[in-house]
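K.L.:
The structure file upload-v8.pdb (PDB, C-alpha atoms, pLDDT in the B column) is provided below.
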ATOM      1  CA  MET A  58      18.816 -20.160 -13.427  1.00 69.00           C
ATOM      2  CA  GLU A  59      21.414 -22.471 -14.991  1.00 69.00           C
ATOM      3  CA  LYS A  60      21.756 -20.202 -18.041  1.00 70.00           C
ATOM      4  CA  MET A  61      22.077 -17.137 -15.873  1.00 72.00           C
ATOM      5  CA  LEU A  62      24.790 -18.674 -13.687  1.00 69.00           C
ATOM      6  CA  ALA A  63      26.708 -19.611 -16.845  1.00 69.00           C
ATOM      7  CA  TRP A  64      26.713 -16.001 -18.094  1.00 70.00           C
ATOM      8  CA  LYS A  65      30.379 -14.969 -18.125  1.00 68.00           C
ATOM      9  CA  GLU A  66      29.681 -11.455 -16.812  1.00 63.00           C
ATOM     10  CA  LEU A  67      28.069 -12.892 -13.687  1.00 66.00           C
ATOM     11  CA  ARG A  68      30.129 -16.047 -13.122  1.00 63.00           C
ATOM     12  CA  PRO A  69      32.743 -14.537 -10.745  1.00 58.00           C
ATOM     13  CA  TYR A  70      30.014 -12.778  -8.802  1.00 57.00           C
ATOM     14  CA  MET A  71      27.909 -15.938  -8.440  1.00 63.00           C
ATOM     15  CA  ASN A  72      30.878 -18.033  -7.367  1.00 60.00           C
ATOM     16  CA  SER A  73      31.674 -15.532  -4.630  1.00 57.00           C
ATOM     17  CA  VAL A  74      28.263 -16.007  -2.983  1.00 59.00           C
ATOM     18  CA  GLY A  75      28.268 -19.791  -3.271  1.00 59.00           C
ATOM     19  CA  ILE A  76      25.178 -20.578  -5.375  1.00 62.00           C
ATOM     20  CA  ASP A  77      24.793 -24.350  -5.615  1.00 62.00           C
ATOM     21  CA  ILE A  78      22.712 -25.092  -8.714  1.00 62.00           C
ATOM     22  CA  ALA A  79      22.277 -28.747  -7.671  1.00 65.00           C
ATOM     23  CA  HIS A  80      20.534 -27.871  -4.391  1.00 66.00           C
ATOM     24  CA  LEU A  81      18.269 -25.002  -5.357  1.00 66.00           C
ATOM     25  CA  PRO A  82      14.654 -25.196  -4.152  1.00 66.00           C
ATOM     26  CA  GLU A  83      12.143 -25.895  -6.898  1.00 67.00           C
ATOM     27  CA  ARG A  84       9.917 -22.937  -6.100  1.00 67.00           C
ATOM     28  CA  VAL A  85      10.181 -19.692  -4.123  1.00 67.00           C
ATOM     29  CA  ILE A  86       7.368 -17.517  -5.530  1.00 67.00           C
ATOM     30  CA  GLY A  87       4.224 -17.555  -3.375  1.00 64.00           C
ATOM     31  CA  GLU A  88       1.233 -17.217  -5.691  1.00 63.00           C
ATOM     32  CA  GLU A  89      -0.957 -16.182  -2.750  1.00 62.00           C
ATOM     33  CA  CYS A  90       1.183 -13.028  -2.332  1.00 61.00           C
ATOM     34  CA  LEU A  91       0.770 -11.901  -5.954  1.00 59.00           C
ATOM     35  CA  THR A  92      -2.173  -9.584  -6.560  1.00 59.00           C
ATOM     36  CA  GLU A  93      -1.418  -6.666  -8.917  1.00 61.00           C
ATOM     37  CA  HIS A  94       0.924  -8.425 -11.366  1.00 66.00           C
ATOM     38  CA  PRO A  95       3.091 -11.557 -11.668  1.00 72.00           C
ATOM     39  CA  ALA A  96       6.521 -11.694 -10.053  1.00 74.00           C
ATOM     40  CA  ILE A  97       9.250  -9.957 -12.081  1.00 80.00           C
ATOM     41  CA  ILE A  98      11.935 -12.535 -12.885  1.00 79.00           C
ATOM     42  CA  ILE A  99      14.671 -12.884 -15.475  1.00 80.00           C
ATOM     43  CA  THR A 100      14.479 -15.228 -18.468  1.00 81.00           C
ATOM     44  CA  GLY A 101      17.134 -17.510 -19.919  1.00 75.00           C
ATOM     45  CA  ILE A 102      18.084 -14.894 -22.513  1.00 79.00           C
ATOM     46  CA  CYS A 103      21.106 -12.765 -21.610  1.00 78.00           C
ATOM     47  CA  PRO A 104      20.607  -9.122 -22.671  1.00 81.00           C
ATOM     48  CA  GLU A 105      23.017  -7.377 -24.992  1.00 81.00           C
ATOM     49  CA  ARG A 106      24.082  -3.741 -25.367  1.00 85.00           C
ATOM     50  CA  LEU A 107      22.236  -2.492 -22.286  1.00 85.00           C
ATOM     51  CA  GLU A 108      22.756   1.099 -21.219  1.00 90.00           C
ATOM     52  CA  ARG A 109      24.149   1.726 -17.731  1.00 87.00           C
ATOM     53  CA  LEU A 110      20.810   2.441 -16.056  1.00 89.00           C
ATOM     54  CA  GLU A 111      19.172  -0.490 -17.826  1.00 90.00           C
ATOM     55  CA  MET A 112      21.945  -2.775 -16.602  1.00 84.00           C
ATOM     56  CA  GLN A 113      21.436  -1.514 -13.050  1.00 85.00           C
ATOM     57  CA  VAL A 114      17.734  -2.412 -13.198  1.00 88.00           C
ATOM     58  CA  TYR A 115      18.509  -5.815 -14.695  1.00 86.00           C
ATOM     59  CA  THR A 116      21.147  -6.489 -12.031  1.00 83.00           C
ATOM     60  CA  LEU A 117      18.666  -5.512  -9.314  1.00 85.00           C
ATOM     61  CA  ILE A 118      16.128  -8.037 -10.648  1.00 86.00           C
ATOM     62  CA  ILE A 119      18.809 -10.738 -10.867  1.00 83.00           C
ATOM     63  CA  GLY A 120      19.969 -10.002  -7.319  1.00 81.00           C
ATOM     64  CA  ARG A 121      16.493 -10.106  -5.806  1.00 83.00           C
ATOM     65  CA  MET A 122      15.757 -13.370  -7.608  1.00 80.00           C
ATOM     66  CA  LEU A 123      19.014 -14.915  -6.376  1.00 79.00           C
ATOM     67  CA  GLU A 124      18.296 -13.765  -2.810  1.00 80.00           C
ATOM     68  CA  ALA A 125      15.091 -15.802  -2.849  1.00 79.00           C
ATOM     69  CA  PHE A 126      17.061 -18.983  -3.625  1.00 76.00           C
ATOM     70  CA  MET A 127      19.832 -18.412  -1.085  1.00 78.00           C
ATOM     71  CA  PRO A 128      20.109 -19.534   2.566  1.00 78.00           C
ATOM     72  CA  SER A 129      18.853 -17.389   5.422  1.00 82.00           C
ATOM     73  CA  CYS A 130      20.931 -14.542   6.793  1.00 85.00           C
ATOM     74  CA  ARG A 131      21.783 -15.516  10.391  1.00 89.00           C
ATOM     75  CA  MET A 132      21.857 -12.601  12.818  1.00 86.00           C
ATOM     76  CA  GLU A 133      22.770 -12.305  16.486  1.00 85.00           C
ATOM     77  CA  TYR A 134      20.862  -9.675  18.489  1.00 85.00           C
ATOM     78  CA  THR A 135      22.060  -8.265  21.804  1.00 84.00           C
ATOM     79  CA  THR A 136      19.968  -6.042  24.081  1.00 85.00           C
ATOM     80  CA  VAL A 137      21.858  -3.949  26.624  1.00 84.00           C
ATOM     81  CA  GLU A 138      19.952  -2.258  29.448  1.00 85.00           C
ATOM     82  CA  ALA A 139      21.891  -0.131  31.915  1.00 83.00           C
ATOM     83  CA  VAL A 140      21.171   2.176  34.851  1.00 83.00           C
ATOM     84  CA  CYS A 141      23.313   5.256  35.393  1.00 80.00           C
ATOM     85  CA  ALA A 142      22.513   8.127  37.781  1.00 78.00           C
ATOM     86  CA  ALA A 143      19.034   6.641  38.378  1.00 83.00           C
ATOM     87  CA  ARG A 144      18.257   6.784  34.650  1.00 83.00           C
ATOM     88  CA  LYS A 145      17.670   3.774  32.439  1.00 87.00           C
ATOM     89  CA  PHE A 146      19.438   3.450  29.106  1.00 84.00           C
ATOM     90  CA  GLY A 147      18.982   0.784  26.457  1.00 84.00           C
ATOM     91  CA  MET A 148      20.475  -0.267  23.160  1.00 83.00           C
ATOM     92  CA  LEU A 149      19.749  -3.020  20.666  1.00 85.00           C
ATOM     93  CA  SER A 150      22.701  -4.149  18.565  1.00 85.00           C
ATOM     94  CA  CYS A 151      23.198  -6.935  16.055  1.00 85.00           C
ATOM     95  CA  ARG A 152      25.895  -8.595  14.020  1.00 83.00           C
ATOM     96  CA  ILE A 153      25.765 -10.892  11.016  1.00 84.00           C
ATOM     97  CA  LEU A 154      26.925 -14.452  11.701  1.00 86.00           C
ATOM     98  CA  GLU A 155      26.271 -15.901   8.231  1.00 86.00           C
ATOM     99  CA  LYS A 156      25.537 -13.558   5.325  1.00 83.00           C
ATOM    100  CA  GLY A 157      23.365 -15.925   3.283  1.00 82.00           C
ATOM    101  CA  TRP A 158      21.158 -13.911   0.923  1.00 81.00           C
ATOM    102  CA  HIS A 159      22.613 -10.684   2.346  1.00 82.00           C
ATOM    103  CA  ALA A 160      25.864 -11.419   0.455  1.00 80.00           C
ATOM    104  CA  ILE A 161      24.232 -10.387  -2.857  1.00 78.00           C
ATOM    105  CA  PHE A 162      23.944  -6.630  -2.277  1.00 79.00           C
ATOM    106  CA  GLU A 163      25.223  -6.302   1.328  1.00 79.00           C
ATOM    107  CA  ARG A 164      23.004  -3.305   1.993  1.00 76.00           C
ATOM    108  CA  GLU A 165      22.872  -2.869   5.741  1.00 68.00           C
ATOM    109  CA  GLY A 166      19.286  -1.618   5.787  1.00 69.00           C
ATOM    110  CA  ASP A 167      18.023  -4.834   4.164  1.00 75.00           C
ATOM    111  CA  ALA A 168      19.124  -7.036   7.074  1.00 74.00           C
ATOM    112  CA  VAL A 169      19.390  -4.707  10.074  1.00 75.00           C
ATOM    113  CA  PRO A 170      15.939  -3.735  11.436  1.00 75.00           C
ATOM    114  CA  GLN A 171      15.081  -0.119  12.168  1.00 73.00           C
ATOM    115  CA  GLY A 172      16.268   1.042  15.582  1.00 71.00           C
ATOM    116  CA  CYS A 173      19.016  -1.563  15.745  1.00 79.00           C
ATOM    117  CA  THR A 174      22.710  -0.639  15.707  1.00 76.00           C
ATOM    118  CA  HIS A 175      25.017  -2.737  13.539  1.00 74.00           C
ATOM    119  CA  LEU A 176      27.779  -2.946  16.129  1.00 73.00           C
ATOM    120  CA  ALA A 177      29.880  -5.745  17.615  1.00 72.00           C
ATOM    121  CA  LEU A 178      29.813  -5.303  21.393  1.00 77.00           C
ATOM    122  CA  PRO A 179      32.530  -6.505  23.769  1.00 79.00           C
ATOM    123  CA  GLU A 180      31.789  -9.481  26.007  1.00 79.00           C
ATOM    124  CA  ILE A 181      29.502  -8.336  28.835  1.00 78.00           C
ATOM    125  CA  GLN A 182      27.550 -10.235  31.486  1.00 80.00           C
ATOM    126  CA  ALA A 183      24.199  -9.530  33.132  1.00 78.00           C
ATOM    127  CA  GLY A 184      24.669  -7.541  36.356  1.00 80.00           C
ATOM    128  CA  GLU A 185      28.165  -6.437  35.438  1.00 82.00           C
ATOM    129  CA  THR A 186      29.227  -2.980  36.654  1.00 81.00           C
ATOM    130  CA  LEU A 187      30.946  -0.889  34.016  1.00 79.00           C
ATOM    131  CA  SER A 188      32.806   2.379  34.471  1.00 79.00           C
ATOM    132  CA  VAL A 189      31.475   5.485  32.718  1.00 77.00           C
ATOM    133  CA  ALA A 190      34.207   6.914  30.501  1.00 80.00           C
ATOM    134  CA  ALA A 191      32.412  10.189  29.724  1.00 79.00           C
ATOM    135  CA  CYS A 192      28.967  11.732  29.421  1.00 79.00           C
ATOM    136  CA  ASN A 193      27.405  14.886  28.051  1.00 80.00           C
ATOM    137  CA  LEU A 194      23.950  16.458  27.874  1.00 80.00           C
ATOM    138  CA  VAL A 195      22.589  17.590  24.519  1.00 85.00           C
ATOM    139  CA  HIS A 196      19.639  19.992  24.184  1.00 87.00           C
ATOM    140  CA  LYS A 197      17.637  19.587  20.994  1.00 85.00           C
ATOM    141  CA  LYS A 198      14.502  21.148  19.577  1.00 85.00           C
ATOM    142  CA  ASP A 199      11.742  19.009  18.142  1.00 84.00           C
ATOM    143  CA  LEU A 200      11.368  20.178  14.556  1.00 82.00           C
ATOM    144  CA  PRO A 201       8.143  19.724  12.566  1.00 83.00           C
ATOM    145  CA  ALA A 202       7.968  16.720  10.285  1.00 82.00           C
ATOM    146  CA  SER A 203       9.426  17.268   6.813  1.00 86.00           C
ATOM    147  CA  PRO A 204       7.094  17.048   3.805  1.00 91.00           C
ATOM    148  CA  PHE A 205       7.031  13.786   1.866  1.00 93.00           C
ATOM    149  CA  THR A 206       9.046  13.183  -1.255  1.00 92.00           C
ATOM    150  CA  ASP A 207       7.552  10.995  -3.994  1.00 90.00           C
ATOM    151  CA  ALA A 208       9.308   7.885  -2.718  1.00 89.00           C
ATOM    152  CA  GLU A 209       8.413   8.584   0.940  1.00 91.00           C
ATOM    153  CA  LEU A 210       4.752   9.181   0.104  1.00 92.00           C
ATOM    154  CA  ILE A 211       4.523   5.952  -1.919  1.00 91.00           C
ATOM    155  CA  GLU A 212       6.177   4.073   0.963  1.00 89.00           C
ATOM    156  CA  TYR A 213       3.665   5.575   3.410  1.00 89.00           C
ATOM    157  CA  MET A 214       0.750   4.641   1.122  1.00 88.00           C
ATOM    158  CA  ASP A 215       2.083   1.089   1.031  1.00 85.00           C
ATOM    159  CA  THR A 216       2.243   0.966   4.846  1.00 84.00           C
ATOM    160  CA  ALA A 217      -1.299   2.369   5.150  1.00 80.00           C
ATOM    161  CA  GLY A 218      -2.664   0.011   2.505  1.00 77.00           C
ATOM    162  CA  LEU A 219      -3.603   2.824   0.111  1.00 82.00           C
ATOM    163  CA  GLY A 220      -3.703   1.826  -3.545  1.00 80.00           C
ATOM    164  CA  THR A 221      -1.565  -0.879  -5.105  1.00 79.00           C
ATOM    165  CA  VAL A 222       1.977  -1.081  -6.451  1.00 80.00           C
ATOM    166  CA  ALA A 223       0.591  -0.355  -9.926  1.00 80.00           C
ATOM    167  CA  THR A 224      -1.719   2.568  -8.958  1.00 85.00           C
ATOM    168  CA  ARG A 225       0.018   4.642  -6.264  1.00 89.00           C
ATOM    169  CA  SER A 226       1.965   6.851  -8.692  1.00 90.00           C
ATOM    170  CA  ASN A 227      -1.243   7.477 -10.679  1.00 92.00           C
ATOM    171  CA  ILE A 228      -3.097   8.442  -7.484  1.00 92.00           C
ATOM    172  CA  ILE A 229      -0.460  11.070  -6.700  1.00 94.00           C
ATOM    173  CA  GLN A 230      -0.585  12.382 -10.282  1.00 94.00           C
ATOM    174  CA  THR A 231      -4.404  12.615 -10.113  1.00 95.00           C
ATOM    175  CA  LEU A 232      -4.183  14.719  -6.928  1.00 95.00           C
ATOM    176  CA  ILE A 233      -1.685  16.994  -8.690  1.00 95.00           C
ATOM    177  CA  ASN A 234      -3.907  17.311 -11.773  1.00 95.00           C
ATOM    178  CA  ARG A 235      -6.881  18.253  -9.573  1.00 95.00           C
ATOM    179  CA  LYS A 236      -4.686  20.828  -7.771  1.00 95.00           C
ATOM    180  CA  TYR A 237      -5.009  19.244  -4.327  1.00 96.00           C
ATOM    181  CA  ILE A 238      -1.221  18.942  -3.975  1.00 95.00           C
ATOM    182  CA  ARG A 239       1.826  20.378  -5.737  1.00 95.00           C
ATOM    183  CA  TYR A 240       5.582  19.980  -5.864  1.00 94.00           C
ATOM    184  CA  SER A 241       7.900  22.266  -3.928  1.00 92.00           C
ATOM    185  CA  ARG A 242      11.292  21.251  -5.276  1.00 87.00           C
ATOM    186  CA  HIS A 243      11.559  17.570  -4.305  1.00 88.00           C
ATOM    187  CA  HIS A 244       8.734  17.622  -1.758  1.00 93.00           C
ATOM    188  CA  ILE A 245       4.962  17.313  -2.076  1.00 95.00           C
ATOM    189  CA  ILE A 246       2.855  19.896  -0.223  1.00 94.00           C
ATOM    190  CA  PRO A 247      -0.914  20.539  -0.109  1.00 94.00           C
ATOM    191  CA  THR A 248      -2.509  23.466  -1.927  1.00 96.00           C
ATOM    192  CA  ARG A 249      -5.135  25.769  -0.392  1.00 95.00           C
ATOM    193  CA  LYS A 250      -7.771  23.750  -2.214  1.00 95.00           C
ATOM    194  CA  GLY A 251      -6.334  20.531  -0.818  1.00 94.00           C
ATOM    195  CA  LEU A 252      -6.261  21.887   2.739  1.00 94.00           C
ATOM    196  CA  TYR A 253      -9.884  23.040   2.388  1.00 92.00           C
ATOM    197  CA  ILE A 254     -10.971  19.559   1.300  1.00 90.00           C
ATOM    198  CA  TYR A 255      -8.955  18.034   4.141  1.00 90.00           C
ATOM    199  CA  GLU A 256     -10.573  20.267   6.768  1.00 89.00           C
ATOM    200  CA  THR A 257     -13.999  19.574   5.259  1.00 87.00           C
ATOM    201  CA  VAL A 258     -13.864  15.773   5.418  1.00 86.00           C
ATOM    202  CA  ARG A 259     -11.473  15.337   8.366  1.00 87.00           C
ATOM    203  CA  GLY A 260     -12.880  12.831  10.849  1.00 85.00           C
ATOM    204  CA  MET A 261     -15.466  11.496   8.400  1.00 87.00           C
ATOM    205  CA  LYS A 262     -15.672   7.896   7.257  1.00 84.00           C
ATOM    206  CA  ILE A 263     -14.843   8.878   3.675  1.00 84.00           C
ATOM    207  CA  ALA A 264     -11.437  10.168   4.849  1.00 83.00           C
ATOM    208  CA  ASN A 265     -10.518   7.026   6.789  1.00 82.00           C
ATOM    209  CA  ALA A 266      -7.499   5.284   5.229  1.00 78.00           C
ATOM    210  CA  ALA A 267      -8.834   1.932   6.470  1.00 76.00           C
ATOM    211  CA  LEU A 268     -11.801   2.374   4.108  1.00 78.00           C
ATOM    212  CA  THR A 269      -9.560   2.320   1.029  1.00 75.00           C
ATOM    213  CA  SER A 270      -7.338  -0.487   2.287  1.00 72.00           C
ATOM    214  CA  GLY A 271     -10.457  -2.492   3.097  1.00 77.00           C
ATOM    215  CA  TRP A 272     -11.716  -2.134  -0.484  1.00 79.00           C
ATOM    216  CA  GLU A 273      -8.359  -3.226  -1.875  1.00 75.00           C
ATOM    217  CA  ALA A 274      -8.484  -6.340   0.305  1.00 78.00           C
ATOM    218  CA  ARG A 275     -12.052  -7.128  -0.842  1.00 83.00           C
ATOM    219  CA  LEU A 276     -11.113  -6.690  -4.513  1.00 83.00           C
ATOM    220  CA  ALA A 277      -8.153  -9.029  -4.060  1.00 79.00           C
ATOM    221  CA  ARG A 278     -10.392 -11.643  -2.387  1.00 84.00           C
ATOM    222  CA  MET A 279     -12.951 -11.359  -5.198  1.00 87.00           C
ATOM    223  CA  GLU A 280     -10.175 -11.748  -7.806  1.00 84.00           C
ATOM    224  CA  ARG A 281      -9.106 -14.995  -6.121  1.00 83.00           C
ATOM    225  CA  GLY A 282     -12.690 -16.266  -6.060  1.00 86.00           C
ATOM    226  CA  LYS A 283     -13.048 -16.015  -2.283  1.00 86.00           C
ATOM    227  CA  LEU A 284     -15.730 -13.299  -2.363  1.00 87.00           C
ATOM    228  CA  LEU A 285     -18.899 -13.302  -4.486  1.00 91.00           C
ATOM    229  CA  LEU A 286     -19.612 -10.330  -6.761  1.00 90.00           C
ATOM    230  CA  GLU A 287     -23.146 -10.009  -5.314  1.00 91.00           C
ATOM    231  CA  VAL A 288     -21.774  -9.704  -1.770  1.00 90.00           C
ATOM    232  CA  PHE A 289     -19.204  -7.131  -2.881  1.00 89.00           C
ATOM    233  CA  LEU A 290     -21.843  -4.979  -4.635  1.00 91.00           C
ATOM    234  CA  ALA A 291     -24.176  -5.168  -1.633  1.00 92.00           C
ATOM    235  CA  ASP A 292     -21.370  -3.954   0.653  1.00 89.00           C
ATOM    236  CA  ALA A 293     -20.533  -1.160  -1.823  1.00 88.00           C
ATOM    237  CA  LYS A 294     -24.147   0.087  -1.883  1.00 92.00           C
ATOM    238  CA  ARG A 295     -24.410  -0.021   1.917  1.00 91.00           C
ATOM    239  CA  LEU A 296     -21.135   1.816   2.419  1.00 88.00           C
ATOM    240  CA  SER A 297     -21.979   4.449  -0.227  1.00 89.00           C
ATOM    241  CA  LYS A 298     -25.227   5.206   1.621  1.00 91.00           C
ATOM    242  CA  GLU A 299     -23.448   5.492   4.960  1.00 89.00           C
ATOM    243  CA  VAL A 300     -20.824   7.863   3.536  1.00 87.00           C
ATOM    244  CA  THR A 301     -23.274  10.143   1.723  1.00 88.00           C
ATOM    245  CA  ASP A 302     -25.679  10.207   4.703  1.00 89.00           C
ATOM    246  CA  GLU A 303     -22.815  11.351   6.941  1.00 87.00           C
ATOM    247  CA  ILE A 304     -21.878  14.138   4.505  1.00 84.00           C
ATOM    248  CA  PHE A 305     -25.489  15.377   4.233  1.00 84.00           C
ATOM    249  CA  ARG A 306     -25.934  15.276   8.021  1.00 84.00           C
ATOM    250  CA  THR A 307     -22.844  17.434   8.471  1.00 80.00           C
ATOM    251  CA  TYR A 308     -23.428  19.815   5.544  1.00 75.00           C
ATOM    252  CA  LYS A 309     -27.143  20.256   5.071  1.00 71.00           C
ATOM    253  CA  PRO A 310     -28.092  21.851   1.742  1.00 64.00           C
ATOM    254  CA  LYS A 311     -29.287  25.453   2.025  1.00 64.00           C
ATOM    255  CA  GLY A 312     -32.857  26.353   1.708  1.00 57.00           C
TER     256      GLY A 312
END
With the file now loaded, output its structure as structure tokens.
P.N.:
Amino acid sequence: MEKMLAWKELRPYMNSVGIDIAHLPERVIGEECLTEHPAIIITGICPERLERLEMQVYTLIIGRMLEAFMPSCRMEYTTVEAVCAARKFGMLSCRILEKGWHAIFEREGDAVPQGCTHLALPEIQAGETLSVAACNLVHKKDLPASPFTDAELIEYMDTAGLGTVATRSNIIQTLINRKYIRYSRHHIIPTRKGLYIYETVRGMKIANAALTSGWEARLARMERGKLLLEVFLADAKRLSKEVTDEIFRTYKPKG
């Protein structure tokens, strides 16, 4: 960290966010959170002759590492609930009191939670009556959900516990190679073969996302020595029998 803060290209930037090398915590990486690979951190060697995109990646890694060593970002949240014409309206707003780690990149989405408006409200009191300046009624149609892009699908897989950081892209590529899904410009859509498989196994245990996420959790526990191999294999055999029995009960072989 000392070598990085002394790098002339970064010195003005680091001074602006107030990094105090004398009061840095000794450790910020939680080993219990690392499963697929070690944390990605910078070394004491400053890179030379990086291309623009390479420098952007390097700067991103530096920024995320610095964020971990910086103070908390202090936020103030305000919930406003109002009644107008017998209808209830609500809004959640927030403002940043002390930037802390947020001063590195200052990306609003990193600090402001989803559904919250980054807006400084005027001083209001509970029970206060406010005048309505204007109102209008907007009619909208509920459109079908848009197909996933690569990034959106990987984010969804992460939320559902499907695969790992290192395997999710390979899972998508395998589905493409087997012609279950395909690209339509920037979006991923199912093929006829993929839809047939989906309709065939829909509702079965083998199609339950919790099944895959459960296996990932068991593998991680076994890697950390908290689950015996014999217990894992016994569970795998039992589950395999349950899954295949369900398939054969639903689709009995002909004749």
K.L.:
Step by step: start from the point (-4.5, 1.1, 7.7) in the file's coordinates, keep every protein, DNA or RNA residue that has an atom no farther than 6 Å from it, count all atoms listed in the file, and write the set as a count of residues only.
P.N.:
4
K.L.:
Could you write out as a tab-separated table (two decimals) with C-alpha atoms, keeping the file's coordinate frame the residues that the PyMOL selection byres ((chain A and resi 155) around 10) matches in the shown file?
P.N.:
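The file below, result01.tsv, is the result:
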chain	number	residue	atom	x	y	z
A	128	PRO	CA	20.11	-19.53	2.57
A	129	SER	CA	18.85	-17.39	5.42
A	130	CYS	CA	20.93	-14.54	6.79
A	131	ARG	CA	21.78	-15.52	10.39
A	132	MET	CA	21.86	-12.60	12.82
A	133	GLU	CA	22.77	-12.30	16.49
A	152	ARG	CA	25.90	-8.60	14.02
A	153	ILE	CA	25.76	-10.89	11.02
A	154	LEU	CA	26.92	-14.45	11.70
A	156	LYS	CA	25.54	-13.56	5.32
A	157	GLY	CA	23.36	-15.92	3.28
A	158	TRP	CA	21.16	-13.91	0.92
A	159	HIS	CA	22.61	-10.68	2.35
A	160	ALA	CA	25.86	-11.42	0.46
K.L.:
For this structure, which residues satisfy the selection - the PyMOL selection byres ((chain A and resi 99) around 10) - when it is evaluated on the file as given? I want them as a PyMOL selection string.
P.N.:
chain A and resi 58+61+96-98+100-103+115-116+118-119+122
K.L.:
Write a file of the selected residues as a short mmCIF file (atom, residue, chain, number, x, y, z; two decimals), in the coordinates of the input, keeping C-alpha atoms.
P.N.:
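See result_38.cif below for the written result:
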data_model
loop_
_atom_site.label_atom_id
_atom_site.label_comp_id
_atom_site.auth_asym_id
_atom_site.auth_seq_id
_atom_site.Cartn_x
_atom_site.Cartn_y
_atom_site.Cartn_z
CA MET A 58 18.82 -20.16 -13.43
CA MET A 61 22.08 -17.14 -15.87
CA ALA A 96 6.52 -11.69 -10.05
CA ILE A 97 9.25 -9.96 -12.08
CA ILE A 98 11.94 -12.54 -12.88
CA THR A 100 14.48 -15.23 -18.47
CA GLY A 101 17.13 -17.51 -19.92
CA ILE A 102 18.08 -14.89 -22.51
CA CYS A 103 21.11 -12.76 -21.61
CA TYR A 115 18.51 -5.82 -14.70
CA THR A 116 21.15 -6.49 -12.03
CA ILE A 118 16.13 -8.04 -10.65
CA ILE A 119 18.81 -10.74 -10.87
CA MET A 122 15.76 -13.37 -7.61
#
K.L.:
Which residue gives the smallest distance to Arg242 of chain A among A:Arg225, A:Ile211, A:Phe205, A:Met127, with all atoms listed in the file counted?
P.N.:
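Of A:Arg225, A:Ile211, A:Phe205, A:Met127, the one nearest Arg242 of chain A, counting all atoms listed in the file, is A:Phe205.
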K.L.:
Could you list, as a list in words, every residue within 12 Å of segment 192-197 of chain A, counting all atoms listed in the file and ignoring same-chain residues fewer than 3 positions away?
P.N.:
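These residues fall inside the cut-off: Cys141, Ala142, Ser188, Val189 and Leu200 of chain A.
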K.L.:
Print the selection's residues with C-alpha atoms to a file, as a short mmCIF file (atom, residue, chain, number, x, y, z; two decimals), in the frame of the given file.
P.N.:
data_model
loop_
_atom_site.label_atom_id
_atom_site.label_comp_id
_atom_site.auth_asym_id
_atom_site.auth_seq_id
_atom_site.Cartn_x
_atom_site.Cartn_y
_atom_site.Cartn_z
CA CYS A 141 23.31 5.26 35.39
CA ALA A 142 22.51 8.13 37.78
CA SER A 188 32.81 2.38 34.47
CA VAL A 189 31.48 5.48 32.72
CA LEU A 200 11.37 20.18 14.56
#
K.L.:
Do you know which residues are at most 10 Å from Ala139 of chain A counting all atoms listed in the file, after dropping those on the same chain fewer than 5 positions away, and could you put them as a ChimeraX atom specification?
P.N.:
/A:144-148,183-187
K.L.:
Those residues with C-alpha atoms, as a PDB file, keeping the file's coordinate frame please?
P.N.:
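Result file follows (out.pdb):
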ATOM      1  CA  ARG A 144      18.257   6.784  34.650  1.00 83.00           C
ATOM      2  CA  LYS A 145      17.670   3.774  32.439  1.00 87.00           C
ATOM      3  CA  PHE A 146      19.438   3.450  29.106  1.00 84.00           C
ATOM      4  CA  GLY A 147      18.982   0.784  26.457  1.00 84.00           C
ATOM      5  CA  MET A 148      20.475  -0.267  23.160  1.00 83.00           C
ATOM      6  CA  ALA A 183      24.199  -9.530  33.132  1.00 78.00           C
ATOM      7  CA  GLY A 184      24.669  -7.541  36.356  1.00 80.00           C
ATOM      8  CA  GLU A 185      28.165  -6.437  35.438  1.00 82.00           C
ATOM      9  CA  THR A 186      29.227  -2.980  36.654  1.00 81.00           C
ATOM     10  CA  LEU A 187      30.946  -0.889  34.016  1.00 79.00           C
TER      11      LEU A 187
END
K.L.:
What's the 7 Å shell around His175 of chain A, counting all atoms listed in the file, without same-chain residues fewer than 2 positions away, as an mmCIF file with C-alpha atoms, in the coordinates of the input?
P.N.:
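Once written, selection-v6.cif looks like this:
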data_model
loop_
_atom_site.group_PDB
_atom_site.id
_atom_site.type_symbol
_atom_site.label_atom_id
_atom_site.label_comp_id
_atom_site.auth_asym_id
_atom_site.auth_seq_id
_atom_site.Cartn_x
_atom_site.Cartn_y
_atom_site.Cartn_z
ATOM 1 C CA SER A 150 22.701 -4.149 18.565
ATOM 2 C CA CYS A 151 23.198 -6.935 16.055
ATOM 3 C CA ARG A 152 25.895 -8.595 14.020
ATOM 4 C CA VAL A 169 19.390 -4.707 10.074
ATOM 5 C CA CYS A 173 19.016 -1.563 15.745
#
K.L.:
Check the smallest atom-to-atom distance from each of A:Leu123, A:Ile238, A:Asn265, A:Phe162 to Leu252 of chain A using all atoms listed in the file, then report the winner.
P.N.:
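Of the candidates, the smallest distance to Leu252 of chain A is held by A:Ile238.
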K.L.:
Need to verify the contact set: segment 293-299 of chain A, 10 Å, all atoms listed in the file, exclusion of same-chain residues closer than 4 positions in sequence. Can you return it as JSON, numbers by chain?
P.N.:
{"A": [262, 263, 268, 272, 287, 288, 289, 303, 304]}
K.L.:
So which residues get picked by the PyMOL selection byres ((chain A and resi 245) around 8) here, written as a VMD selection string?
P.N.:
chain A and resid 204 to 207 238 to 241 243 to 244 246 to 247
K.L.:
Nearest residue to Gly120 of chain A out of A:Arg278, A:Lys60, A:Arg164, A:Arg306, using all atoms listed in the file?
P.N.:
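Among A:Arg278, A:Lys60, A:Arg164, A:Arg306, it is A:Arg164 that comes nearest to Gly120 of chain A.
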K.L.:
With only C-alpha atoms as the atoms that count, which of A:Gln182, A:Thr257, A:Arg249, A:Ala274 lies nearest to Leu219 of chain A?
P.N.:
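Looking only at the distances to Leu219 of chain A, the closest residue turns out to be A:Ala274.
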